[in-house]
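The file my_file_30.cif contains mmCIF, C-alpha atoms:
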```
data_structure
loop_
_atom_site.label_atom_id
_atom_site.label_comp_id
_atom_site.auth_asym_id
_atom_site.auth_seq_id
_atom_site.Cartn_x
_atom_site.Cartn_y
_atom_site.Cartn_z
CA MET A 1 194.66 -52.32 -39.15
CA ASN A 2 197.41 -54.88 -38.72
CA ASP A 3 199.18 -54.64 -35.38
CA ILE A 4 202.96 -54.63 -35.63
CA PRO A 5 204.66 -56.04 -32.54
CA GLY A 6 207.51 -54.38 -30.69
CA ARG A 7 206.42 -50.75 -30.87
CA PRO A 8 203.51 -48.74 -29.46
CA GLN A 9 200.77 -48.48 -32.05
CA ALA A 10 200.51 -44.98 -33.49
CA ALA A 11 197.01 -45.32 -34.88
CA SER A 12 193.69 -45.43 -33.09
CA SER A 13 190.17 -46.38 -34.01
CA ALA A 14 189.89 -42.93 -35.60
CA ALA A 15 191.88 -44.35 -38.52
CA SER A 16 188.82 -46.16 -39.85
CA THR A 17 187.07 -42.86 -40.59
CA THR A 18 190.13 -41.04 -41.92
CA GLU A 19 191.47 -41.29 -45.47
CA PRO A 20 194.75 -43.25 -45.55
CA TYR A 21 197.95 -41.25 -45.53
CA ARG A 22 199.37 -40.87 -49.05
CA VAL A 23 203.03 -41.86 -49.32
CA MET A 24 205.70 -41.83 -52.02
CA VAL A 25 208.64 -44.24 -51.77
CA VAL A 26 211.87 -43.08 -53.44
CA ASP A 27 214.70 -45.62 -53.82
CA ASP A 28 216.86 -46.70 -56.75
CA SER A 29 216.34 -50.40 -55.90
CA ALA A 30 213.07 -51.81 -57.24
CA VAL A 31 213.32 -54.65 -54.72
CA ILE A 32 213.64 -52.24 -51.77
CA ARG A 33 210.78 -50.11 -53.09
CA GLY A 34 208.62 -53.21 -53.25
CA LEU A 35 209.50 -54.29 -49.72
CA LEU A 36 208.88 -50.80 -48.32
CA THR A 37 205.57 -50.57 -50.18
CA ARG A 38 204.34 -53.92 -48.85
CA THR A 39 205.39 -52.96 -45.32
CA LEU A 40 203.53 -49.67 -45.43
CA GLU A 41 200.41 -50.97 -47.16
CA GLY A 42 200.19 -53.79 -44.63
CA ASP A 43 198.77 -51.11 -42.35
CA GLY A 44 195.29 -49.90 -43.18
CA THR A 45 196.09 -46.24 -42.42
CA ILE A 46 198.69 -45.93 -45.22
CA ARG A 47 198.51 -46.03 -49.02
CA VAL A 48 201.61 -45.86 -51.25
CA VAL A 49 200.47 -43.79 -54.23
CA ALA A 50 203.87 -43.46 -55.95
CA SER A 51 207.10 -45.45 -56.13
CA VAL A 52 210.02 -43.91 -58.04
CA ALA A 53 213.73 -44.52 -58.53
CA ASN A 54 215.45 -41.15 -58.03
CA GLY A 55 215.11 -37.62 -56.72
CA GLN A 56 214.21 -36.03 -60.05
CA MET A 57 211.35 -38.47 -60.55
CA ALA A 58 210.20 -37.68 -57.02
CA ILE A 59 210.10 -33.94 -57.78
CA ASN A 60 208.15 -34.57 -60.98
CA THR A 61 205.68 -36.81 -59.16
CA LEU A 62 205.12 -34.35 -56.32
CA GLN A 63 204.11 -31.69 -58.84
CA ARG A 64 201.25 -33.99 -59.94
CA GLN A 65 200.30 -35.78 -56.72
CA THR A 66 199.04 -34.71 -53.32
CA LEU A 67 201.27 -36.43 -50.78
CA ASP A 68 201.49 -36.53 -46.99
CA VAL A 69 204.85 -38.30 -46.53
CA ILE A 70 207.88 -39.09 -48.70
CA VAL A 71 210.30 -41.88 -47.76
CA LEU A 72 213.50 -40.71 -49.46
CA ASP A 73 216.67 -42.73 -50.02
CA ILE A 74 219.98 -40.88 -49.81
CA GLU A 75 222.18 -42.47 -52.48
CA MET A 76 220.53 -42.63 -55.93
CA PRO A 77 221.56 -42.00 -59.54
CA VAL A 78 220.41 -38.94 -61.53
CA MET A 79 219.58 -37.00 -58.34
CA ASP A 80 220.36 -38.08 -54.78
CA GLY A 81 218.09 -37.54 -51.81
CA LEU A 82 219.96 -34.62 -50.25
CA THR A 83 219.89 -32.71 -53.55
CA ALA A 84 216.19 -33.43 -54.08
CA LEU A 85 215.13 -32.57 -50.53
CA PRO A 86 215.01 -28.74 -50.75
CA GLN A 87 213.21 -28.90 -54.07
CA LEU A 88 210.60 -31.27 -52.67
CA ILE A 89 210.01 -29.00 -49.67
CA ALA A 90 209.81 -25.95 -51.94
CA ALA A 91 207.20 -27.71 -54.07
CA ASP A 92 205.11 -28.62 -51.00
CA PRO A 93 206.17 -27.04 -47.69
CA ALA A 94 203.69 -29.20 -45.74
CA VAL A 95 204.91 -32.57 -47.01
CA LYS A 96 206.91 -34.58 -44.46
CA VAL A 97 210.12 -36.25 -45.60
CA ILE A 98 211.67 -39.30 -43.90
CA MET A 99 215.27 -39.93 -44.93
CA ALA A 100 216.11 -43.64 -45.33
CA SER A 101 219.69 -44.87 -45.21
CA THR A 102 221.86 -47.73 -44.08
CA LEU A 103 223.69 -47.32 -40.77
CA THR A 104 227.07 -45.80 -41.65
CA ALA A 105 228.89 -42.75 -40.32
CA LYS A 106 228.65 -41.13 -43.76
CA ASN A 107 224.90 -41.68 -44.01
CA ALA A 108 224.37 -40.58 -40.41
CA ASP A 109 226.09 -37.29 -41.22
CA ILE A 110 224.03 -36.85 -44.40
CA SER A 111 220.81 -37.66 -42.53
CA LEU A 112 221.53 -35.01 -39.89
CA ARG A 113 222.36 -32.49 -42.63
CA ALA A 114 219.02 -33.40 -44.20
CA LEU A 115 217.21 -32.76 -40.90
CA ARG A 116 218.80 -29.31 -40.79
CA ALA A 117 217.63 -28.77 -44.39
CA GLY A 118 214.01 -29.57 -43.58
CA ALA A 119 213.55 -33.35 -43.42
CA SER A 120 211.25 -34.38 -40.59
CA ASP A 121 212.86 -37.64 -39.54
CA TYR A 122 215.00 -40.59 -40.65
CA VAL A 123 214.98 -44.37 -40.55
CA THR A 124 218.01 -46.65 -40.75
CA LYS A 125 217.47 -49.39 -43.32
CA PRO A 126 218.89 -52.87 -42.81
CA SER A 127 221.98 -53.30 -44.97
CA SER A 128 220.70 -56.15 -47.14
CA THR A 129 217.46 -57.29 -48.73
CA ARG A 130 217.51 -60.44 -46.59
CA GLU A 131 217.83 -58.39 -43.40
CA LEU A 132 215.09 -55.99 -44.52
CA THR A 133 212.67 -58.85 -45.20
CA GLY A 134 212.83 -60.01 -41.59
CA ALA A 135 213.47 -56.71 -39.80
CA GLU A 136 210.25 -56.39 -37.81
CA SER A 137 211.54 -53.54 -35.63
CA PHE A 138 212.45 -51.51 -38.73
CA LYS A 139 209.04 -52.13 -40.27
CA ALA A 140 207.26 -51.10 -37.07
CA GLU A 141 209.38 -47.96 -36.78
CA LEU A 142 208.71 -46.99 -40.40
CA VAL A 143 204.94 -47.47 -40.09
CA SER A 144 204.68 -45.53 -36.83
CA LYS A 145 206.75 -42.62 -38.19
CA VAL A 146 204.72 -42.43 -41.41
CA GLN A 147 201.50 -42.37 -39.38
CA ALA A 148 202.74 -39.66 -37.03
CA LEU A 149 204.17 -37.47 -39.78
CA GLY A 150 201.16 -38.01 -42.04
CA GLU A 151 199.02 -36.64 -39.23
CA ALA A 152 201.36 -33.65 -38.87
CA ALA A 153 201.22 -32.97 -42.61
CA ARG A 154 197.43 -32.81 -42.54
CA ARG A 155 197.40 -30.50 -39.56
CA ALA A 156 199.83 -28.23 -41.43
CA ASP A 157 197.75 -28.31 -44.63
CA PRO A 158 194.10 -29.35 -44.17
CA SER A 159 193.66 -29.51 -47.95
CA LYS A 160 195.61 -32.79 -47.86
CA GLY A 161 192.83 -34.47 -45.89
CA THR A 162 191.16 -34.52 -42.52
CA PRO A 163 193.49 -35.29 -39.61
CA SER A 164 192.23 -37.70 -36.98
CA ARG A 165 192.46 -34.85 -34.48
CA PRO A 166 192.82 -31.24 -35.68
CA LEU A 167 195.33 -29.11 -33.84
CA ALA A 168 193.32 -26.97 -31.46
CA PRO A 169 194.12 -24.56 -28.65
CA ARG A 170 194.61 -26.69 -25.58
CA PRO A 171 193.24 -25.34 -22.30
CA VAL A 172 196.01 -24.45 -19.88
CA VAL A 173 195.04 -23.66 -16.32
CA ALA A 174 197.63 -21.35 -14.82
CA PRO A 175 198.97 -22.09 -11.34
CA VAL A 176 198.27 -19.84 -8.39
CA PRO A 177 200.20 -19.51 -5.13
CA GLY A 178 199.74 -22.55 -2.96
CA GLY A 179 199.70 -24.91 -5.91
CA ALA A 180 195.96 -25.00 -6.61
CA PRO A 181 195.06 -24.37 -10.25
CA ALA A 182 193.24 -21.16 -11.01
CA PRO A 183 189.66 -21.42 -12.26
CA ALA A 184 189.21 -21.19 -16.02
CA PRO A 185 188.26 -17.74 -17.33
CA ALA A 186 184.56 -17.00 -17.64
CA GLY A 187 183.10 -18.40 -20.83
CA THR A 188 185.85 -21.00 -21.23
CA ALA A 189 184.71 -24.55 -21.72
CA ALA A 190 185.83 -27.01 -19.07
CA PRO A 191 188.96 -28.90 -20.10
CA SER A 192 188.24 -32.28 -21.63
CA PRO A 193 190.43 -35.00 -23.11
CA ILE A 194 190.98 -34.75 -26.88
CA ARG A 195 191.59 -38.08 -28.62
CA SER A 196 194.91 -38.32 -30.45
CA ARG A 197 196.03 -40.93 -32.92
CA LEU A 198 199.29 -41.05 -30.97
CA LEU A 199 198.21 -40.72 -27.36
CA ASP A 200 195.02 -39.89 -25.53
CA HIS A 201 195.89 -36.47 -24.15
CA GLY A 202 193.83 -34.81 -21.47
CA PRO A 203 193.68 -31.23 -20.28
CA VAL A 204 196.86 -29.41 -19.35
CA VAL A 205 197.36 -28.01 -15.86
CA LEU A 206 200.57 -26.15 -15.10
CA ARG A 207 202.39 -26.68 -11.81
CA PRO A 208 203.73 -23.78 -9.79
CA ALA A 209 207.32 -23.11 -10.86
CA PRO A 210 209.81 -23.96 -8.12
CA ASP A 211 212.18 -21.17 -7.18
CA ILE A 212 215.43 -22.95 -8.00
CA ARG A 213 218.59 -22.51 -9.99
CA PRO A 214 219.25 -26.00 -11.34
CA ASP A 215 222.54 -27.79 -10.91
CA ILE A 216 221.90 -29.90 -14.02
CA ILE A 217 219.81 -29.63 -17.20
CA ALA A 218 218.36 -32.84 -18.67
CA ILE A 219 216.78 -32.98 -22.14
CA GLY A 220 214.75 -35.79 -23.70
CA SER A 221 213.62 -35.95 -27.33
CA SER A 222 212.71 -38.29 -30.17
CA THR A 223 210.98 -37.64 -33.52
CA GLY A 224 211.98 -34.15 -34.65
CA GLY A 225 214.46 -34.00 -31.78
CA PRO A 226 217.72 -33.22 -33.60
CA GLN A 227 216.26 -30.08 -35.17
CA ALA A 228 214.76 -29.07 -31.82
CA LEU A 229 218.07 -29.67 -30.02
CA PHE A 230 219.94 -27.46 -32.48
CA GLU A 231 217.41 -24.67 -31.92
CA VAL A 232 217.46 -24.94 -28.13
CA MET A 233 221.18 -25.39 -27.59
CA ALA A 234 222.18 -22.52 -29.86
CA ASN A 235 221.04 -20.34 -26.95
CA PHE A 236 223.73 -21.79 -24.71
CA ARG A 237 226.61 -20.35 -26.73
CA GLY A 238 228.84 -18.48 -24.34
CA GLY A 239 228.38 -21.15 -21.73
CA LEU A 240 226.22 -22.27 -18.88
CA HIS A 241 227.71 -23.46 -15.61
CA GLN A 242 225.58 -26.60 -15.43
CA PRO A 243 226.19 -29.88 -17.25
CA ILE A 244 223.60 -30.73 -19.92
CA VAL A 245 222.65 -34.37 -20.39
CA ILE A 246 220.66 -35.45 -23.44
CA THR A 247 218.80 -38.60 -24.36
CA GLN A 248 217.68 -38.53 -27.99
CA HIS A 249 216.13 -41.72 -29.37
CA MET A 250 218.73 -42.58 -31.97
CA PRO A 251 220.84 -45.56 -33.01
CA ALA A 252 224.56 -45.92 -32.45
CA THR A 253 226.72 -44.01 -34.95
CA PHE A 254 223.97 -41.40 -35.32
CA THR A 255 224.45 -40.22 -31.74
CA THR A 256 228.17 -39.71 -32.34
CA ILE A 257 227.40 -37.53 -35.35
CA LEU A 258 224.63 -35.70 -33.47
CA ALA A 259 227.07 -34.64 -30.75
CA GLU A 260 229.53 -33.40 -33.39
CA HIS A 261 226.81 -31.36 -35.10
CA ILE A 262 225.74 -29.80 -31.78
CA THR A 263 229.34 -28.76 -31.11
CA ARG A 264 229.75 -27.20 -34.57
CA GLN A 265 226.37 -25.52 -34.82
CA CYS A 266 225.69 -24.46 -31.25
CA GLY A 267 229.14 -23.48 -30.00
CA ILE A 268 228.94 -25.70 -26.91
CA GLU A 269 231.25 -28.61 -26.25
CA CYS A 270 229.23 -31.78 -26.75
CA ALA A 271 230.16 -35.45 -27.03
CA GLU A 272 228.74 -38.91 -26.53
CA ALA A 273 228.91 -39.89 -22.90
CA LYS A 274 231.63 -42.41 -22.03
CA ASP A 275 231.23 -44.94 -19.28
CA GLY A 276 232.95 -43.76 -16.10
CA GLU A 277 233.82 -40.24 -17.25
CA PRO A 278 233.19 -37.36 -14.83
CA ILE A 279 230.23 -35.11 -15.58
CA VAL A 280 231.44 -31.50 -15.52
CA GLY A 281 229.68 -28.16 -15.84
CA GLY A 282 229.53 -26.29 -19.12
CA ARG A 283 229.58 -29.43 -21.25
CA ALA A 284 226.84 -31.42 -22.97
CA TYR A 285 226.66 -35.22 -23.02
CA VAL A 286 224.57 -37.30 -25.44
CA ALA A 287 223.40 -40.83 -24.60
CA PRO A 288 225.14 -43.25 -26.98
CA GLY A 289 222.81 -45.28 -29.18
CA ASP A 290 221.78 -48.67 -27.77
CA ASN A 291 222.84 -47.68 -24.23
CA HIS A 292 220.91 -46.22 -21.33
CA PHE A 293 222.75 -43.16 -19.99
CA LEU A 294 222.71 -42.91 -16.19
CA LEU A 295 224.55 -40.73 -13.70
CA VAL A 296 226.09 -42.14 -10.54
CA SER A 297 227.92 -40.46 -7.64
CA ARG A 298 230.98 -42.05 -6.03
CA ASN A 299 233.08 -40.29 -3.42
CA GLY A 300 231.47 -36.99 -4.31
CA VAL A 301 232.22 -37.30 -8.04
CA THR A 302 229.35 -37.63 -10.53
CA THR A 303 230.17 -39.89 -13.47
CA ALA A 304 228.42 -41.38 -16.49
CA GLN A 305 227.26 -44.97 -16.39
CA LEU A 306 226.21 -46.72 -19.60
CA THR A 307 224.09 -49.85 -19.33
CA LYS A 308 222.52 -52.46 -21.60
CA ASP A 309 219.52 -52.83 -19.32
CA PRO A 310 216.33 -53.78 -21.18
CA PRO A 311 214.65 -51.07 -23.27
CA GLU A 312 212.12 -48.87 -21.50
CA ASN A 313 209.15 -47.50 -23.40
CA PHE A 314 210.48 -49.54 -26.35
CA CYS A 315 213.65 -47.42 -26.32
CA ARG A 316 217.32 -47.75 -25.49
CA PRO A 317 218.53 -45.15 -24.73
CA ALA A 318 215.44 -43.99 -22.83
CA VAL A 319 214.74 -40.74 -21.02
CA ASP A 320 213.12 -42.22 -17.91
CA PRO A 321 216.16 -44.08 -16.51
CA MET A 322 218.35 -41.04 -17.12
CA LEU A 323 215.98 -38.81 -15.14
CA ARG A 324 215.62 -41.30 -12.30
CA SER A 325 219.38 -41.46 -11.86
CA ILE A 326 219.72 -37.67 -11.92
CA VAL A 327 217.10 -37.14 -9.20
CA LYS A 328 219.00 -39.48 -6.87
CA ILE A 329 222.05 -37.19 -7.07
CA TYR A 330 220.70 -33.67 -7.60
CA GLY A 331 217.34 -33.82 -5.81
CA ARG A 332 215.32 -30.65 -6.43
CA LYS A 333 218.08 -28.91 -8.39
CA VAL A 334 217.00 -30.48 -11.70
CA LEU A 335 215.56 -28.80 -14.79
CA ALA A 336 214.06 -31.43 -17.14
CA VAL A 337 213.05 -30.47 -20.68
CA ILE A 338 210.93 -32.73 -22.89
CA LEU A 339 211.00 -31.94 -26.59
CA THR A 340 209.10 -33.32 -29.58
CA GLY A 341 208.76 -37.08 -29.93
CA MET A 342 206.42 -40.07 -30.18
CA GLY A 343 205.29 -42.08 -27.19
CA HIS A 344 205.50 -41.17 -23.52
CA ASP A 345 209.15 -41.73 -22.59
CA GLY A 346 210.11 -39.21 -19.93
CA ARG A 347 206.73 -39.06 -18.20
CA SER A 348 207.57 -41.28 -15.22
CA GLY A 349 211.03 -39.74 -14.88
CA CYS A 350 209.56 -36.24 -14.88
CA ASP A 351 207.12 -37.33 -12.19
CA GLN A 352 210.12 -38.14 -10.00
CA VAL A 353 211.69 -34.78 -10.87
CA VAL A 354 208.65 -32.84 -9.66
CA GLN A 355 208.18 -35.06 -6.61
CA ALA A 356 211.74 -34.11 -5.62
CA GLY A 357 210.95 -30.40 -6.14
CA GLY A 358 212.53 -29.92 -9.56
CA MET A 359 211.15 -28.24 -12.67
CA VAL A 360 209.81 -29.67 -15.94
CA VAL A 361 209.39 -27.74 -19.19
CA GLY A 362 207.58 -29.16 -22.23
CA GLN A 363 207.50 -28.14 -25.88
CA ASP A 364 204.08 -27.01 -27.06
CA GLU A 365 202.00 -28.94 -29.57
CA ALA A 366 202.06 -26.36 -32.35
CA SER A 367 205.86 -26.38 -32.63
CA SER A 368 206.34 -30.14 -32.08
CA VAL A 369 206.76 -32.53 -34.99
CA VAL A 370 204.92 -35.07 -32.81
CA TRP A 371 203.32 -34.06 -29.50
CA GLY A 372 203.68 -37.45 -27.86
CA MET A 373 206.43 -37.17 -25.24
CA PRO A 374 205.83 -33.49 -24.39
CA GLY A 375 202.07 -34.05 -24.49
CA ALA A 376 202.39 -36.92 -22.05
CA VAL A 377 204.21 -34.84 -19.43
CA ALA A 378 202.02 -31.81 -20.06
CA THR A 379 198.72 -33.60 -19.62
CA ALA A 380 200.04 -35.48 -16.59
CA GLY A 381 200.28 -32.09 -14.87
CA LEU A 382 204.08 -32.24 -14.57
CA CYS A 383 205.08 -29.04 -16.41
CA SER A 384 205.68 -25.61 -14.94
CA SER A 385 205.93 -24.18 -18.47
CA ILE A 386 204.80 -25.30 -21.92
CA LEU A 387 206.55 -23.22 -24.56
CA PRO A 388 207.04 -22.89 -28.32
CA LEU A 389 210.38 -24.29 -29.44
CA LYS A 390 211.96 -20.89 -30.06
CA GLU A 391 211.23 -19.81 -26.47
CA ILE A 392 212.64 -22.89 -24.72
CA GLY A 393 216.35 -22.11 -25.12
CA PRO A 394 216.07 -18.53 -23.81
CA PHE A 395 213.88 -19.78 -20.93
CA ILE A 396 216.43 -22.43 -19.93
CA ARG A 397 219.25 -19.89 -20.07
CA LYS A 398 217.31 -17.47 -17.89
CA ILE A 399 216.58 -20.13 -15.27
CA ALA A 400 220.11 -21.53 -15.37
CA LEU A 401 221.77 -18.15 -14.87
CA ARG A 402 219.51 -16.68 -12.23
CA THR A 403 220.66 -16.16 -8.66
CA ALA A 404 220.69 -19.37 -6.66
CA ALA A 405 217.64 -19.89 -4.48
#
```
Before we go any further, please render this structure as structure tokens.
Amino acid sequence: MNDIPGRPQAASSAASTTEPYRVMVVDDSAVIRGLLTRTLEGDGTIRVVASVANGQMAINTLQRQTLDVIVLDIEMPVMDGLTALPQLIAADPAVKVIMASTLTAKNADISLRALRAGASDYVTKPSSTRELTGAESFKAELVSKVQALGEAARRADPSKGTPSRPLAPRPVVAPVPGGAPAPAPAGTAAPSPIRSRLLDHGPVVLRPAPDIRPDIIAIGSSTGGPQALFEVMANFRGGLHQPIVITQHMPATFTTILAEHITRQCGIECAEAKDGEPIVGGRAYVAPGDNHFLLVSRNGVTTAQLTKDPPENFCRPAVDPMLRSIVKIYGRKVLAVILTGMGHDGRSGCDQVVQAGGMVVGQDEASSVVWGMPGAVATAGLCSSILPLKEIGPFIRKIALRTAA
């Protein structure tokens, strides 16, 4: 496998014994299709088995080919990507679709609509062939997302091929009073690490849940995050008293559109955070793309601070700096929620949350598009609860509205 600099590698040595992920590239430009194909096939875990010029050709090809991942352009003649998307998913519900578009407000809006319609993720293409040829960060992002989503496709439909690590029930040792984990039930095998192509996850041990009503809710997410955010935040309609701060790994322009979609779909006022603005209860704030989103307190007023500090965990915005800044202000009155995403961003920040006495909730593996970020906090023993996506919003609401401890 060829290492691609600048991003954490998504594949492990297991790749050598696993059939390459089968990918179709859909773009009306033959030059772009060729560049994308060479990028993907430069990694030994991926094989491009089809390359077509429009959505209708993609539908026809999917009816004949077994595919793991489709990289789908938005603007094409005959049939565009958004029109083709539901038909592709209907033809193969397990196939994972990555929307590919240039970075414009229009395409950001279309990409988020596509995520709501069933696409798994998106990538932002450089705006010219010359830029694409030298865009190493784009190439690394594309490869890592295809690997992660190819793995998810095979877990969803084993007939596609053997995943490097099948999805299996993960041992969870429930907490008991005093903080010591309870012994595993009789007949249960001792927890042992299970190798993942994305991260080496170990056993999960839940922490005792602190008896708090949080003063702030912090959410971190990445791959699959927009869809997860829509699901979770729809439960906050009618209002919570706490501010909600969100770091979703996303480029500029996309985060603006994400906040607008949350407002429209979830019935909660949400906007990109602005440097220096006060953080008030009942509102949601999204980290702007290419900025770390921190909170600072001056003269008793908590405000947003946006920085261009170096990326953390290969990301800007990143979850960890947001959480560190929150703990300094709110102490134990923090509820941190880590949703689906690649990598381990959020793990060190969540460690500080629990050290201060706060609570961490993680999304479970079965409902995650990629169990990287939530898996990292779960297997580090930082979570008080690990829940399916549909249960996270109601759980947060219950905790946020309970009587103050």
Contact residues around region 76-80 of chain A with all atoms listed in the file at 8 Å, ignoring same-chain residues under 5 positions, as an MDAnalysis selection string: chainID A and resid 27:28 53:56
Contact residues around region 377-380 of chain A with all atoms listed in the file at 7 Å, ignoring same-chain residues under 2 positions, as an MDAnalysis selection string: chainID A and resid 201:205 347 362 373:375 382:383
Within 12 Å of (199.0, -28.7, -57.7) (coordinates as in the file), grab all the protein and nucleic acid residues, counting only C-alpha atoms, and write them out as a tab-separated table (two decimals) with C-alpha atoms, in the coordinates of the input.
```tsv
chain	number	residue	atom	x	y	z
A	60	ASN	CA	208.15	-34.57	-60.98
A	61	THR	CA	205.68	-36.81	-59.16
A	62	LEU	CA	205.12	-34.35	-56.32
A	63	GLN	CA	204.11	-31.69	-58.84
A	64	ARG	CA	201.25	-33.99	-59.94
A	65	GLN	CA	200.30	-35.78	-56.72
A	66	THR	CA	199.04	-34.71	-53.32
A	67	LEU	CA	201.27	-36.43	-50.78
A	91	ALA	CA	207.20	-27.71	-54.07
A	92	ASP	CA	205.11	-28.62	-51.00
A	159	SER	CA	193.66	-29.51	-47.95
A	160	LYS	CA	195.61	-32.79	-47.86
```
Long-range neighbours of Ala259 (chain A) as a PyMOL selection string, 12 Å cut-off, only C-alpha atoms, 6 positions minimum in chain: chain A and resi 108-109+112+226+229-230+233+245-248+250+252-253+265-273+283-289
Reference answer for the PyMOL selection byres ((chain A and resi 93) around 12), as a PyMOL selection string: chain A and resi 62+66-69+85-92+94-97+118-120+153-154+156-157
Residue IDs satisfying the PyMOL selection byres ((chain A and resi 222) around 7), as an MDAnalysis selection string: chainID A and resid 221 223:225 248:249 340:342
Of the listed residues A:Val31, A:Ala152, A:Ala304, A:Leu82, that which approaches Ala117 (chain A) most closely, counting all atoms listed in the file: A:Leu82
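The gap separating CA of Pro158 (chain A) from CA of Ser51 (chain A) is 23.9 Å, in Å to one decimal.
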